[in-house]
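Q: Structure provided below as structure tokens; questions to follow.
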Amino acid sequence: MKVKELRIKNFRKVSDAKLPFDKSLILLYGEIQQGKTTFLDSIKILFQAGFPDDLIQHGETEASIELELENGLISRSFYKNKEGEIVGRPLSAIVNNKKLSVREIVKLFNPFQLNQDYLKKMTPPERKKEFIKIFNIDTTEIDNQITTAENKAKDLRSEIKGFGQIDLTETI
């Protein structure tokens with residue numbers, strides 16, 4: 001399952017923004033207080049129970065977070081009640097046209113909650129496959145290029161050693 005886009009509205013200092021996940025690497029950069037952490041926090045808050053007092057943008061009464069997947073949508077909205085407290089509406093998760101329970105969502109997105117040793121017990125190849133699945137990044141081609149370069153370097157070192165000791169004394 002791949003994440004396609006994160007959308008937030010009236011969340012902290014962000015009025016309305018989208019963050020597409022259409023590249024292998026997403027880099028968030030910018031000046032202080034411009035919303036980098038807000039994007040990261042929104043994903044965490046989407047799935048949590050308690051909510052910070054500053055969740056909804058100043059002057060607004062509602063906020064929403066949507067995580068669009070290649071095969072579904074996970075969303076949640078929030079509002080201020082009469083007492084001014086932040087209340088989260090139930091998390092909505094529809095994947096492959098099926099509404100998911102909270103347990104299914106946890107299993108789907110955070111197997112670490114169900115098993116703290118989830119990655120620890122994996123072999124290196126299993127871990128690599130898991131990271132490819134989670135982040136949609138396959139480094140096999142780059143790994144092969146590195147291995148080829150290392151082998152060439154090893155061959156060159158052997159070839160240079162074949163020439164014996166080389167005198168590097170500077171002459172005029």
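Labels for the structure tokens follow display order: chains A, B, ..., residues from 1 in each chain, ligands from 1.
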Where does DSSP see helix (DSSP H, G or I) in region 1-112 of chain A, if you list the residues as a PyMOL selection string?
A: chain A and resi 36-47+102-109+111-112
Q: List the neighbours of Gly35 (chain A) out to 8 Å using only C-alpha atoms; skip same-chain residues closer than 4 positions along the sequence, and give me the result as number ranges by chain.
A: A: 13-14, 39
Q: Between CA of Leu100 (chain A) and CA of Arg76 (chain A), measure the distance and give it in Å to one decimal.
A: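 Computing the Euclidean distance for CA of Leu100 (chain A) and CA of Arg76 (chain A) yields 13.6 Å.
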Q: Residues within 7 Å of region 58-74 of chain A, please, as a ChimeraX atom specification. Count only C-alpha atoms; anything in the same chain fewer than 4 positions from it doesn't count.
A: /A:1-11,42,46,78-80,92-96
Q: Quick one: write out the picked residues with C-alpha atoms as a compact mmCIF listing (two decimals), in the first residue's frame?
A:
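As written to disk, again_19.txt reads:
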```
# COMPACT_ATOMS: atom_id res chain seq x y z
CA MET A 1 0.00 0.00 0.00
CA LYS A 2 1.42 3.35 -1.04
CA VAL A 3 0.62 6.79 0.30
CA LYS A 4 -0.17 9.18 -2.55
CA GLU A 5 -0.88 12.47 -0.79
CA LEU A 6 -1.33 14.11 2.60
CA ARG A 7 -3.89 16.92 2.82
CA ILE A 8 -4.40 19.16 5.84
CA LYS A 9 -6.87 21.97 6.37
CA ASN A 10 -6.95 24.52 9.22
CA PHE A 11 -4.37 22.46 11.06
CA SER A 42 -0.59 15.65 11.29
CA LEU A 46 -4.53 11.39 12.55
CA PHE A 78 -11.78 17.80 14.38
CA TYR A 79 -13.93 20.54 15.85
CA LYS A 80 -14.13 22.77 18.90
CA SER A 92 -12.44 6.87 8.77
CA ALA A 93 -10.41 4.35 6.82
CA ILE A 94 -11.56 2.85 3.56
CA VAL A 95 -9.09 0.59 1.78
CA ASN A 96 -9.99 -1.46 -1.29
```
